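**Q** Here you go, this is target-v7.cif (mmCIF, C-alpha atoms).
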```
data_protein
loop_
_atom_site.label_atom_id
_atom_site.label_comp_id
_atom_site.auth_asym_id
_atom_site.auth_seq_id
_atom_site.Cartn_x
_atom_site.Cartn_y
_atom_site.Cartn_z
CA MET A 26 -36.86 -34.16 -76.15
CA THR A 27 -37.46 -31.44 -78.71
CA MET A 28 -36.57 -31.90 -82.37
CA ALA A 29 -33.94 -29.15 -82.00
CA ALA A 30 -32.34 -31.03 -79.12
CA ALA A 31 -32.47 -34.27 -81.08
CA ARG A 32 -30.77 -32.65 -84.05
CA LEU A 33 -28.15 -31.14 -81.77
CA ARG A 34 -27.44 -34.49 -80.15
CA SER A 35 -27.22 -36.20 -83.54
CA ALA A 36 -24.85 -33.51 -84.84
CA THR A 37 -22.74 -33.85 -81.70
CA ALA A 38 -22.58 -37.60 -82.22
CA VAL A 39 -21.41 -37.15 -85.80
CA ALA A 40 -18.74 -34.70 -84.72
CA ALA A 41 -17.58 -37.03 -81.97
CA ALA A 42 -17.59 -39.93 -84.41
CA ALA A 43 -15.15 -38.09 -86.65
CA ARG A 44 -12.60 -37.94 -83.85
CA VAL A 45 -9.49 -39.86 -84.86
CA VAL A 46 -7.81 -42.19 -82.39
CA GLY A 47 -4.18 -43.05 -83.13
CA CYS A 48 -3.43 -46.76 -83.42
CA GLY A 49 -0.55 -47.19 -85.78
CA GLU A 50 0.88 -45.52 -88.84
CA GLY A 51 -1.51 -45.21 -91.79
CA THR A 52 -4.53 -46.34 -89.78
CA ARG A 53 -7.46 -44.18 -88.69
CA ARG A 54 -9.63 -45.61 -86.00
CA MET A 55 -12.94 -44.03 -85.07
CA LEU A 56 -15.82 -44.61 -82.72
CA GLY A 57 -17.96 -47.60 -83.56
CA THR A 58 -20.98 -45.69 -84.81
CA ALA A 59 -22.93 -45.43 -88.05
CA ALA A 60 -22.02 -41.74 -88.22
CA ALA A 61 -18.33 -42.60 -87.98
CA ALA A 62 -18.62 -44.98 -90.90
CA GLU A 63 -20.29 -42.29 -93.02
CA VAL A 64 -17.67 -39.70 -92.07
CA ALA A 65 -14.84 -42.10 -92.95
CA GLU A 66 -16.41 -43.15 -96.24
CA ALA A 67 -16.99 -39.54 -97.26
CA GLY A 68 -13.36 -38.67 -96.55
CA GLY A 69 -11.91 -41.82 -98.04
CA ALA A 70 -10.44 -42.78 -94.68
CA ARG A 71 -9.67 -46.27 -93.56
CA TRP A 72 -12.16 -47.01 -90.82
CA GLU A 73 -12.05 -49.65 -88.11
CA PRO A 74 -14.64 -49.81 -85.33
CA MET A 75 -13.44 -48.98 -81.85
CA GLY A 76 -13.22 -51.94 -79.50
CA ALA A 77 -15.52 -52.42 -76.52
CA ARG A 78 -12.91 -51.32 -73.96
CA GLU A 79 -11.96 -48.21 -75.94
CA TYR A 80 -15.60 -47.25 -76.34
CA TYR A 81 -16.27 -47.79 -72.62
CA ASP A 82 -13.33 -45.52 -71.76
CA TYR A 83 -14.61 -42.93 -74.23
CA ARG A 84 -18.07 -42.93 -72.63
CA ARG A 85 -16.59 -42.64 -69.14
CA ALA A 86 -14.61 -39.61 -70.29
CA ILE A 87 -17.87 -37.92 -71.36
CA TYR A 88 -20.43 -39.11 -68.79
CA GLY A 89 -18.35 -40.38 -65.86
CA ASP A 90 -19.44 -43.59 -64.12
CA ILE A 91 -22.63 -44.49 -65.96
CA THR A 92 -25.70 -45.82 -64.20
CA HIS A 93 -27.94 -47.65 -66.63
CA LYS A 94 -31.54 -46.81 -65.79
CA ALA A 95 -33.10 -48.33 -68.92
CA ILE A 96 -32.65 -51.25 -71.26
CA LEU A 97 -33.65 -51.03 -74.92
CA VAL A 98 -34.09 -54.33 -76.76
CA ASP A 99 -34.17 -55.17 -80.46
CA ALA A 100 -37.05 -57.47 -81.50
CA ALA A 101 -36.21 -59.88 -84.36
CA GLY A 102 -32.86 -61.55 -83.79
CA THR A 103 -32.52 -60.55 -80.13
CA LEU A 104 -35.83 -60.94 -78.32
CA LEU A 105 -37.58 -63.04 -80.98
CA ALA A 106 -36.65 -65.55 -83.67
CA PRO A 107 -38.71 -67.39 -86.31
CA THR A 108 -39.76 -70.89 -85.26
CA GLU A 109 -38.86 -72.21 -88.72
CA PRO A 110 -36.37 -71.00 -91.34
CA MET A 111 -37.89 -68.26 -93.49
CA ALA A 112 -37.09 -69.98 -96.80
CA GLN A 113 -38.73 -73.20 -95.60
CA VAL A 114 -41.94 -71.35 -94.73
CA TYR A 115 -41.97 -69.44 -98.02
CA ARG A 116 -41.52 -72.68 -100.00
CA THR A 117 -43.94 -74.83 -97.98
CA LEU A 118 -46.79 -72.32 -98.07
CA GLY A 119 -46.00 -71.47 -101.68
CA GLU A 120 -46.15 -74.97 -103.14
CA LYS A 121 -49.90 -74.81 -103.68
CA TYR A 122 -49.45 -71.47 -105.42
CA GLY A 123 -46.87 -72.80 -107.85
CA VAL A 124 -43.63 -71.78 -106.13
CA LYS A 125 -40.89 -73.95 -107.59
CA TYR A 126 -37.71 -72.41 -106.17
CA SER A 127 -35.62 -74.40 -103.70
CA GLU A 128 -35.11 -73.08 -100.17
CA GLU A 129 -31.52 -72.17 -101.08
CA GLU A 130 -32.65 -70.09 -104.05
CA ILE A 131 -35.45 -68.43 -102.07
CA LEU A 132 -32.96 -67.45 -99.37
CA MET A 133 -30.51 -66.06 -101.92
CA ARG A 134 -33.20 -64.04 -103.69
CA TYR A 135 -34.61 -62.83 -100.36
CA ARG A 136 -31.24 -61.50 -99.27
CA GLN A 137 -30.72 -59.77 -102.60
CA ALA A 138 -34.16 -58.14 -102.50
CA TYR A 139 -33.84 -57.09 -98.85
CA ALA A 140 -30.43 -55.52 -99.45
CA GLN A 141 -31.67 -53.29 -102.28
CA PRO A 142 -32.84 -49.73 -101.53
CA TRP A 143 -36.62 -49.45 -101.23
CA GLY A 144 -37.53 -46.80 -103.77
CA ARG A 145 -41.24 -46.32 -103.09
CA SER A 146 -40.83 -44.40 -99.86
CA ARG A 147 -38.18 -43.19 -97.42
CA LEU A 148 -39.05 -46.06 -95.08
CA ARG A 149 -39.50 -49.75 -95.77
CA TYR A 150 -42.08 -50.25 -93.04
CA VAL A 151 -44.89 -47.78 -93.47
CA ASP A 152 -47.99 -48.68 -91.42
CA ASP A 153 -48.51 -52.44 -91.91
CA GLY A 154 -45.62 -52.71 -94.37
CA ARG A 155 -47.64 -54.62 -96.95
CA PRO A 156 -46.21 -52.99 -100.12
CA PHE A 157 -42.65 -53.66 -99.00
CA TRP A 158 -43.35 -57.25 -97.99
CA GLN A 159 -45.24 -57.93 -101.21
CA HIS A 160 -42.12 -56.87 -103.08
CA ILE A 161 -39.92 -59.11 -100.90
CA VAL A 162 -42.17 -62.15 -101.25
CA SER A 163 -42.59 -61.88 -105.03
CA SER A 164 -38.85 -61.21 -105.50
CA SER A 165 -37.94 -64.18 -103.31
CA THR A 166 -40.36 -66.73 -104.76
CA GLY A 167 -41.31 -65.48 -108.22
CA CYS A 168 -44.95 -65.64 -107.13
CA SER A 169 -47.14 -62.52 -107.13
CA ASP A 170 -50.38 -64.26 -106.12
CA LEU A 171 -52.05 -61.96 -103.57
CA GLN A 172 -53.71 -64.87 -101.78
CA TYR A 173 -50.31 -66.47 -101.25
CA PHE A 174 -48.90 -63.20 -99.94
CA GLU A 175 -51.81 -62.70 -97.51
CA GLU A 176 -51.46 -66.23 -96.14
CA LEU A 177 -47.74 -65.69 -95.59
CA TYR A 178 -48.20 -62.19 -94.18
CA CYS A 179 -50.86 -63.32 -91.69
CA TYR A 180 -48.78 -66.32 -90.64
CA TYR A 181 -46.00 -64.01 -89.45
CA THR A 182 -48.50 -62.16 -87.26
CA THR A 183 -49.13 -65.24 -85.10
CA GLU A 184 -47.31 -66.84 -82.20
CA LYS A 185 -46.80 -69.97 -84.34
CA ALA A 186 -44.26 -68.12 -86.44
CA TRP A 187 -42.14 -66.71 -83.60
CA GLN A 188 -40.48 -67.81 -80.40
CA LEU A 189 -38.56 -66.13 -77.60
CA ILE A 190 -34.82 -66.58 -78.06
CA ASP A 191 -33.94 -66.56 -74.36
CA PRO A 192 -36.09 -69.01 -72.34
CA ASP A 193 -35.27 -67.14 -69.13
CA ALA A 194 -36.33 -63.74 -70.46
CA LYS A 195 -39.52 -63.71 -68.39
CA TYR A 196 -37.66 -63.95 -65.07
CA VAL A 197 -35.09 -61.37 -66.15
CA PHE A 198 -37.60 -58.71 -67.19
CA GLU A 199 -39.65 -59.30 -64.05
CA ALA A 200 -36.48 -58.74 -61.99
CA LEU A 201 -35.63 -55.61 -63.95
CA ARG A 202 -39.08 -54.14 -63.32
CA ARG A 203 -38.81 -54.89 -59.59
CA ALA A 204 -35.44 -53.13 -59.57
CA GLY A 205 -36.97 -50.04 -61.20
CA VAL A 206 -35.13 -50.43 -64.51
CA ARG A 207 -37.17 -49.10 -67.43
CA THR A 208 -37.45 -51.28 -70.54
CA ALA A 209 -38.44 -50.78 -74.17
CA VAL A 210 -38.45 -52.64 -77.47
CA VAL A 211 -36.78 -50.69 -80.28
CA SER A 212 -37.39 -52.32 -83.64
CA ASN A 213 -37.42 -51.85 -87.38
CA PHE A 214 -40.84 -53.46 -87.80
CA ASP A 215 -44.29 -52.73 -89.13
CA THR A 216 -47.43 -52.31 -87.04
CA ARG A 217 -47.75 -56.07 -86.49
CA LEU A 218 -45.15 -55.93 -83.72
CA ARG A 219 -47.47 -54.84 -80.90
CA PRO A 220 -50.10 -57.56 -81.47
CA LEU A 221 -47.28 -60.06 -81.92
CA LEU A 222 -45.79 -59.19 -78.51
CA GLN A 223 -49.28 -59.58 -77.04
CA ALA A 224 -49.71 -62.98 -78.71
CA LEU A 225 -46.39 -64.12 -77.24
CA LYS A 226 -47.49 -62.80 -73.82
CA CYS A 227 -44.42 -60.63 -73.37
CA ASP A 228 -45.83 -57.17 -74.07
CA HIS A 229 -46.22 -56.45 -70.33
CA TRP A 230 -42.46 -56.86 -69.84
CA PHE A 231 -41.89 -53.49 -71.48
CA ASP A 232 -42.75 -49.93 -70.51
CA ALA A 233 -42.64 -48.72 -74.11
CA VAL A 234 -42.35 -49.90 -77.72
CA ALA A 235 -40.63 -47.80 -80.39
CA VAL A 236 -41.52 -49.24 -83.80
CA SER A 237 -40.02 -47.75 -86.95
CA ALA A 238 -43.42 -47.78 -88.71
CA GLU A 239 -44.84 -45.57 -85.95
CA VAL A 240 -41.80 -43.40 -85.22
CA ALA A 241 -41.16 -42.86 -88.98
CA ALA A 242 -37.45 -43.60 -88.51
CA GLU A 243 -35.52 -46.82 -88.99
CA LYS A 244 -32.37 -47.92 -87.22
CA PRO A 245 -29.55 -46.88 -87.44
CA ASN A 246 -31.26 -43.46 -87.46
CA PRO A 247 -30.74 -42.18 -83.89
CA THR A 248 -34.27 -40.73 -83.87
CA ILE A 249 -35.86 -44.08 -82.98
CA PHE A 250 -33.53 -44.53 -79.99
CA LEU A 251 -34.13 -40.96 -78.83
CA LYS A 252 -37.88 -41.57 -79.06
CA ALA A 253 -37.59 -44.71 -76.92
CA CYS A 254 -35.65 -42.78 -74.27
CA GLU A 255 -38.25 -40.01 -74.37
CA LEU A 256 -41.04 -42.56 -73.84
CA LEU A 257 -39.16 -44.05 -70.87
CA GLY A 258 -38.29 -40.68 -69.37
CA VAL A 259 -34.53 -41.27 -69.32
CA LYS A 260 -31.54 -39.55 -70.87
CA PRO A 261 -29.94 -41.44 -73.79
CA GLU A 262 -26.70 -41.88 -71.85
CA GLU A 263 -28.67 -43.65 -69.10
CA ALA A 264 -29.88 -46.35 -71.51
CA VAL A 265 -28.16 -49.38 -72.98
CA HIS A 266 -29.46 -50.95 -76.18
CA ILE A 267 -29.16 -54.69 -76.88
CA GLY A 268 -29.32 -55.87 -80.49
CA ASP A 269 -27.82 -58.33 -82.95
CA ASP A 270 -26.97 -56.00 -85.85
CA ARG A 271 -23.69 -54.10 -85.62
CA ARG A 272 -24.71 -51.15 -87.82
CA ASN A 273 -28.40 -50.85 -86.93
CA ASP A 274 -28.19 -51.62 -83.23
CA LEU A 275 -24.65 -51.00 -81.98
CA TRP A 276 -23.68 -48.01 -84.09
CA GLY A 277 -27.18 -46.55 -84.33
CA ALA A 278 -27.65 -46.54 -80.55
CA ARG A 279 -24.23 -45.00 -80.04
CA ASP A 280 -25.09 -42.21 -82.47
CA ALA A 281 -28.05 -41.40 -80.21
CA GLY A 282 -25.80 -41.22 -77.15
CA CYS A 283 -26.90 -44.58 -75.72
CA ASP A 284 -24.58 -47.34 -74.61
CA ALA A 285 -24.92 -50.48 -76.76
CA TRP A 286 -24.05 -54.17 -76.43
CA LEU A 287 -24.05 -56.64 -79.30
CA TRP A 288 -26.22 -59.71 -78.70
CA GLY A 289 -24.23 -62.91 -79.19
CA SER A 290 -20.91 -61.11 -78.72
CA ASP A 291 -20.94 -58.63 -75.83
CA VAL A 292 -23.81 -60.42 -74.08
CA HIS A 293 -25.35 -63.85 -74.63
CA SER A 294 -28.43 -63.79 -72.40
CA PHE A 295 -30.74 -61.29 -70.74
CA LYS A 296 -29.57 -62.54 -67.36
CA GLU A 297 -26.06 -61.43 -68.33
CA VAL A 298 -27.48 -58.04 -69.35
CA ALA A 299 -29.21 -57.65 -65.98
CA GLU A 300 -26.15 -58.67 -64.00
CA ARG A 301 -23.96 -56.23 -65.93
CA ILE A 302 -26.15 -53.36 -64.72
CA GLY A 303 -26.23 -54.72 -61.18
CA VAL A 304 -29.61 -56.50 -61.08
CA LYS A 305 -29.61 -60.01 -59.60
CA VAL A 306 -31.97 -62.48 -61.27
CA GLY A 307 -33.45 -65.64 -59.78
CA MET A 308 -34.72 -68.34 -62.13
CA GLY A 309 -38.00 -70.23 -61.87
CA ASN A 310 -38.52 -71.95 -58.52
CA SER A 311 -35.17 -70.67 -57.25
CA MET A 312 -36.54 -67.13 -56.99
#
```
Show me, as C-alpha cells, the structure contained in the file I just sent.
**A**
Amino acid sequence: MTMAAARLRSATAVAAAARVVGCGEGTRRMLGTAAAAEVAEAGGARWEPMGAREYYDYRRAIYGDITHKAILVDAAGTLLAPTEPMAQVYRTLGEKYGVKYSEEEILMRYRQAYAQPWGRSRLRYVDDGRPFWQHIVSSSTGCSDLQYFEELYCYYTTEKAWQLIDPDAKYVFEALRRAGVRTAVVSNFDTRLRPLLQALKCDHWFDAVAVSAEVAAEKPNPTIFLKACELLGVKPEEAVHIGDDRRNDLWGARDAGCDAWLWGSDVHSFKEVAERIGVKVGMGNSM
C-alpha cells in the first residue's frame, strides 16, 4: 500500500470515527477507535465506545459479510507474558546494586515513568530501545548503574523471562496455517522481539512480524497495522487483530480498517479466535 493510500485510509477512518450514533438525549456515541476519542476530546464531546454488536453491524454496512483471511496478534499481554512479576525481577536483580525500593514502590514508579511522554524522540522504541529502557529502569528503581541495566535488559531477551500465555497456541497456529489463514505479530517492541520469538520457538507460527522499532510507528498509529497487512498481502478489512489494550490494539486496529477483538474480553483463547473465523482446531493427540 502506498503512503498516499495509507493516509487516505487513515483520514477516512477519522472521518468515520466522527460519525455520531444516537443513543439517548445529551449523549454522543462514536465508533470505538483511537481517532474517535481524539475527535471527541477536541470537540469537547462526551464519548463512549461503541459496543461489539454495534461495531460489527457498522463493519457489515461498509464491507458486507467479512471473511477474515489474516490474524494479527499483539505480543506482550496477548501472545506472551513475563514468567515473574516485573517488580520482583527488578528488585531481585537490583539488590546487589543497592536497590532498596519495595516491589510495590518499584511498580508504582514504573507505571508513572511509563505513562509519561518520552521526550527524546517521537518513538519510545528506537532500534534496541536501550535509552528508553534505561530511563524506565532508573526511574523505577533509583539505580542508574549501567551494569545493573545491562543484566536486566539481557534477561528480558531470554526465554527464561517470558512464557506463552495460551498453552494451546501451537496447535491453533498450525491449524490456521493449514487452513491458509495468514498470521502476523504486531507489537510495540524493540528489536529484541524477533530473537525472543525464536528463543520461544514460536517464530515459525507467523508469516510476518511488524515491530514498532522497525516500522517507525507505535500502536495505536494505524501505520503499523497497515504495514502488517501489506506484509501479509491482505486488505485491512480482511484482517482481525487480537490484543489486550483497548486503545492501542482495539481502537488502533479499527482506525486502520481492520476488525479487532479484545483479548480477555471478546476472546479468551486462540482456539476461540480460530473457531470464530471458521477454522476447526484439534488439540495434541486428538488431532
**Q** Apply the PyMOL selection byres ((chain A and resi 202) around 12) to the displayed file and report the matching residues as a ChimeraX atom specification.
**A** /A:94-96,195-201,203-209,229-232,299,304-306
**Q** Suppose a student applies the PyMOL selection byres ((chain A and resi 237) around 9) to this structure; what residues should they get, written as an NGL selection string?
**A** :A and (148 or 150-151 or 211-216 or 235-236 or 238-244 or 249)
**Q** What does the distance between atom CA of Arg155 of chain A and atom CA of Leu177 of chain A come to in Å, to one decimal place?
**A** 11.2 Å
**Q** I want to know what sits within 9 Å of Arg145 of chain A, based on all atoms listed in the file, with residues of the same chain fewer than 4 positions away left out; could you give that as a list in words?
**A**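 My list of contacting residues is Arg149, Pro156 and Phe157 of chain A.
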**Q** List as a ChimeraX atom specification the protein and nucleic acid residues near Phe250 of chain A, meaning an atom at most 9 Å away when only C-alpha atoms are counted, but skip any in the same chain fewer than 5 places from it.
**A** /A:97,211,235,244-245,255,261,266,277-278,281-283
**Q** Around segment 216-229 of chain A, fit a box with edges along x, y and z, padding it by 6 Å on each side, then list its centre and edge lengths in Å to one decimal as AutoDock Vina command-line options.
**A**
```
--center_x -47.3 --center_y -58.2 --center_z -78.7 --size_x 17.7 --size_y 23.8 --size_z 28.7
```
**Q** Selected by the PyMOL selection byres ((chain A and resi 287) around 7) in the shown coordinates: which residues, as a list in words?
**A**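 Checked against the file, the PyMOL selection byres ((chain A and resi 287) around 7) matches Ile267, Gly268, Asp269, Arg271, Leu275, Ala285, Trp286, Trp288, Gly289, Ser290, Asp291 and Val292 of chain A.
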**Q** Of the candidates A:Tyr126, A:Tyr135, A:Trp276, A:Tyr180, which one gets nearest to His160 of chain A if we count all atoms listed in the file?
**A**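 Smallest distance to His160 of chain A is found for A:Tyr135.
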**Q** Return segment 198-234 of chain A, completed with N, CA and C atoms, as a PDB file, in the frame of the given file.
**A**
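Output saved as result_20.pdb:
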```
ATOM      1  N   PHE A 198     -36.861 -59.962 -67.073  1.00  0.00           N
ATOM      2  CA  PHE A 198     -37.600 -58.710 -67.190  1.00  0.00           C
ATOM      3  C   PHE A 198     -38.465 -58.440 -65.957  1.00  0.00           C
ATOM      4  N   GLU A 199     -38.928 -59.489 -65.307  1.00  0.00           N
ATOM      5  CA  GLU A 199     -39.650 -59.300 -64.050  1.00  0.00           C
ATOM      6  C   GLU A 199     -38.704 -58.720 -62.988  1.00  0.00           C
ATOM      7  N   ALA A 200     -37.469 -59.235 -62.952  1.00  0.00           N
ATOM      8  CA  ALA A 200     -36.480 -58.740 -61.990  1.00  0.00           C
ATOM      9  C   ALA A 200     -36.098 -57.294 -62.297  1.00  0.00           C
ATOM     10  N   LEU A 201     -35.976 -56.972 -63.564  1.00  0.00           N
ATOM     11  CA  LEU A 201     -35.630 -55.610 -63.950  1.00  0.00           C
ATOM     12  C   LEU A 201     -36.721 -54.621 -63.526  1.00  0.00           C
ATOM     13  N   ARG A 202     -37.972 -55.024 -63.715  1.00  0.00           N
ATOM     14  CA  ARG A 202     -39.080 -54.140 -63.320  1.00  0.00           C
ATOM     15  C   ARG A 202     -39.099 -53.938 -61.805  1.00  0.00           C
ATOM     16  N   ARG A 203     -38.854 -55.006 -61.057  1.00  0.00           N
ATOM     17  CA  ARG A 203     -38.810 -54.890 -59.590  1.00  0.00           C
ATOM     18  C   ARG A 203     -37.683 -53.957 -59.153  1.00  0.00           C
ATOM     19  N   ALA A 204     -36.596 -53.966 -59.914  1.00  0.00           N
ATOM     20  CA  ALA A 204     -35.440 -53.130 -59.570  1.00  0.00           C
ATOM     21  C   ALA A 204     -35.610 -51.687 -60.045  1.00  0.00           C
ATOM     22  N   GLY A 205     -36.717 -51.397 -60.744  1.00  0.00           N
ATOM     23  CA  GLY A 205     -36.970 -50.040 -61.200  1.00  0.00           C
ATOM     24  C   GLY A 205     -36.292 -49.674 -62.508  1.00  0.00           C
ATOM     25  N   VAL A 206     -35.764 -50.679 -63.218  1.00  0.00           N
ATOM     26  CA  VAL A 206     -35.130 -50.430 -64.510  1.00  0.00           C
ATOM     27  C   VAL A 206     -36.216 -50.337 -65.579  1.00  0.00           C
ATOM     28  N   ARG A 207     -36.189 -49.290 -66.372  1.00  0.00           N
ATOM     29  CA  ARG A 207     -37.170 -49.100 -67.430  1.00  0.00           C
ATOM     30  C   ARG A 207     -36.763 -49.909 -68.660  1.00  0.00           C
ATOM     31  N   THR A 208     -37.753 -50.419 -69.392  1.00  0.00           N
ATOM     32  CA  THR A 208     -37.450 -51.280 -70.540  1.00  0.00           C
ATOM     33  C   THR A 208     -38.301 -50.902 -71.742  1.00  0.00           C
ATOM     34  N   ALA A 209     -37.717 -51.069 -72.932  1.00  0.00           N
ATOM     35  CA  ALA A 209     -38.440 -50.780 -74.170  1.00  0.00           C
ATOM     36  C   ALA A 209     -37.940 -51.665 -75.294  1.00  0.00           C
ATOM     37  N   VAL A 210     -38.830 -51.978 -76.218  1.00  0.00           N
ATOM     38  CA  VAL A 210     -38.450 -52.640 -77.470  1.00  0.00           C
ATOM     39  C   VAL A 210     -38.215 -51.536 -78.497  1.00  0.00           C
ATOM     40  N   VAL A 211     -37.108 -51.641 -79.215  1.00  0.00           N
ATOM     41  CA  VAL A 211     -36.780 -50.690 -80.280  1.00  0.00           C
ATOM     42  C   VAL A 211     -36.529 -51.508 -81.542  1.00  0.00           C
ATOM     43  N   SER A 212     -37.442 -51.384 -82.516  1.00  0.00           N
ATOM     44  CA  SER A 212     -37.390 -52.320 -83.640  1.00  0.00           C
ATOM     45  C   SER A 212     -37.748 -51.696 -84.967  1.00  0.00           C
ATOM     46  N   ASN A 213     -37.002 -52.105 -86.011  1.00  0.00           N
ATOM     47  CA  ASN A 213     -37.420 -51.850 -87.380  1.00  0.00           C
ATOM     48  C   ASN A 213     -38.473 -52.901 -87.719  1.00  0.00           C
ATOM     49  N   PHE A 214     -39.727 -52.502 -87.656  1.00  0.00           N
ATOM     50  CA  PHE A 214     -40.840 -53.460 -87.800  1.00  0.00           C
ATOM     51  C   PHE A 214     -42.049 -52.666 -88.255  1.00  0.00           C
ATOM     52  N   ASP A 215     -43.029 -53.389 -88.775  1.00  0.00           N
ATOM     53  CA  ASP A 215     -44.290 -52.730 -89.130  1.00  0.00           C
ATOM     54  C   ASP A 215     -45.249 -52.823 -87.942  1.00  0.00           C
ATOM     55  N   THR A 216     -46.480 -52.418 -88.152  1.00  0.00           N
ATOM     56  CA  THR A 216     -47.430 -52.310 -87.040  1.00  0.00           C
ATOM     57  C   THR A 216     -47.901 -53.660 -86.499  1.00  0.00           C
ATOM     58  N   ARG A 217     -47.415 -54.751 -87.045  1.00  0.00           N
ATOM     59  CA  ARG A 217     -47.750 -56.070 -86.490  1.00  0.00           C
ATOM     60  C   ARG A 217     -46.998 -56.374 -85.198  1.00  0.00           C
ATOM     61  N   LEU A 218     -45.979 -55.583 -84.874  1.00  0.00           N
ATOM     62  CA  LEU A 218     -45.150 -55.930 -83.720  1.00  0.00           C
ATOM     63  C   LEU A 218     -45.933 -55.925 -82.409  1.00  0.00           C
ATOM     64  N   ARG A 219     -46.736 -54.899 -82.166  1.00  0.00           N
ATOM     65  CA  ARG A 219     -47.470 -54.840 -80.900  1.00  0.00           C
ATOM     66  C   ARG A 219     -48.392 -56.038 -80.690  1.00  0.00           C
ATOM     67  N   PRO A 220     -49.268 -56.371 -81.668  1.00  0.00           N
ATOM     68  CA  PRO A 220     -50.100 -57.560 -81.470  1.00  0.00           C
ATOM     69  C   PRO A 220     -49.290 -58.849 -81.375  1.00  0.00           C
ATOM     70  N   LEU A 221     -48.125 -58.877 -82.020  1.00  0.00           N
ATOM     71  CA  LEU A 221     -47.280 -60.060 -81.920  1.00  0.00           C
ATOM     72  C   LEU A 221     -46.729 -60.224 -80.506  1.00  0.00           C
ATOM     73  N   LEU A 222     -46.277 -59.133 -79.897  1.00  0.00           N
ATOM     74  CA  LEU A 222     -45.790 -59.190 -78.510  1.00  0.00           C
ATOM     75  C   LEU A 222     -46.906 -59.616 -77.567  1.00  0.00           C
ATOM     76  N   GLN A 223     -48.123 -59.166 -77.846  1.00  0.00           N
ATOM     77  CA  GLN A 223     -49.280 -59.580 -77.040  1.00  0.00           C
ATOM     78  C   GLN A 223     -49.546 -61.068 -77.198  1.00  0.00           C
ATOM     79  N   ALA A 224     -49.464 -61.565 -78.444  1.00  0.00           N
ATOM     80  CA  ALA A 224     -49.710 -62.980 -78.710  1.00  0.00           C
ATOM     81  C   ALA A 224     -48.670 -63.858 -78.013  1.00  0.00           C
ATOM     82  N   LEU A 225     -47.460 -63.363 -77.901  1.00  0.00           N
ATOM     83  CA  LEU A 225     -46.390 -64.120 -77.240  1.00  0.00           C
ATOM     84  C   LEU A 225     -46.365 -63.884 -75.729  1.00  0.00           C
ATOM     85  N   LYS A 226     -47.321 -63.068 -75.250  1.00  0.00           N
ATOM     86  CA  LYS A 226     -47.490 -62.800 -73.820  1.00  0.00           C
ATOM     87  C   LYS A 226     -46.240 -62.181 -73.178  1.00  0.00           C
ATOM     88  N   CYS A 227     -45.588 -61.307 -73.930  1.00  0.00           N
ATOM     89  CA  CYS A 227     -44.420 -60.630 -73.370  1.00  0.00           C
ATOM     90  C   CYS A 227     -44.538 -59.112 -73.460  1.00  0.00           C
ATOM     91  N   ASP A 228     -45.671 -58.622 -73.928  1.00  0.00           N
ATOM     92  CA  ASP A 228     -45.830 -57.170 -74.070  1.00  0.00           C
ATOM     93  C   ASP A 228     -45.751 -56.437 -72.730  1.00  0.00           C
ATOM     94  N   HIS A 229     -46.219 -57.099 -71.641  1.00  0.00           N
ATOM     95  CA  HIS A 229     -46.220 -56.450 -70.330  1.00  0.00           C
ATOM     96  C   HIS A 229     -44.828 -56.378 -69.712  1.00  0.00           C
ATOM     97  N   TRP A 230     -43.830 -56.966 -70.344  1.00  0.00           N
ATOM     98  CA  TRP A 230     -42.460 -56.860 -69.840  1.00  0.00           C
ATOM     99  C   TRP A 230     -41.881 -55.461 -70.084  1.00  0.00           C
ATOM    100  N   PHE A 231     -42.497 -54.731 -71.007  1.00  0.00           N
ATOM    101  CA  PHE A 231     -41.890 -53.490 -71.480  1.00  0.00           C
ATOM    102  C   PHE A 231     -42.750 -52.270 -71.150  1.00  0.00           C
ATOM    103  N   ASP A 232     -42.064 -51.190 -70.809  1.00  0.00           N
ATOM    104  CA  ASP A 232     -42.750 -49.930 -70.510  1.00  0.00           C
ATOM    105  C   ASP A 232     -43.086 -49.155 -71.773  1.00  0.00           C
ATOM    106  N   ALA A 233     -42.402 -49.443 -72.864  1.00  0.00           N
ATOM    107  CA  ALA A 233     -42.640 -48.720 -74.110  1.00  0.00           C
ATOM    108  C   ALA A 233     -42.195 -49.575 -75.297  1.00  0.00           C
ATOM    109  N   VAL A 234     -42.733 -49.251 -76.458  1.00  0.00           N
ATOM    110  CA  VAL A 234     -42.350 -49.900 -77.720  1.00  0.00           C
ATOM    111  C   VAL A 234     -42.127 -48.789 -78.740  1.00  0.00           C
TER     112      VAL A 234
END
```
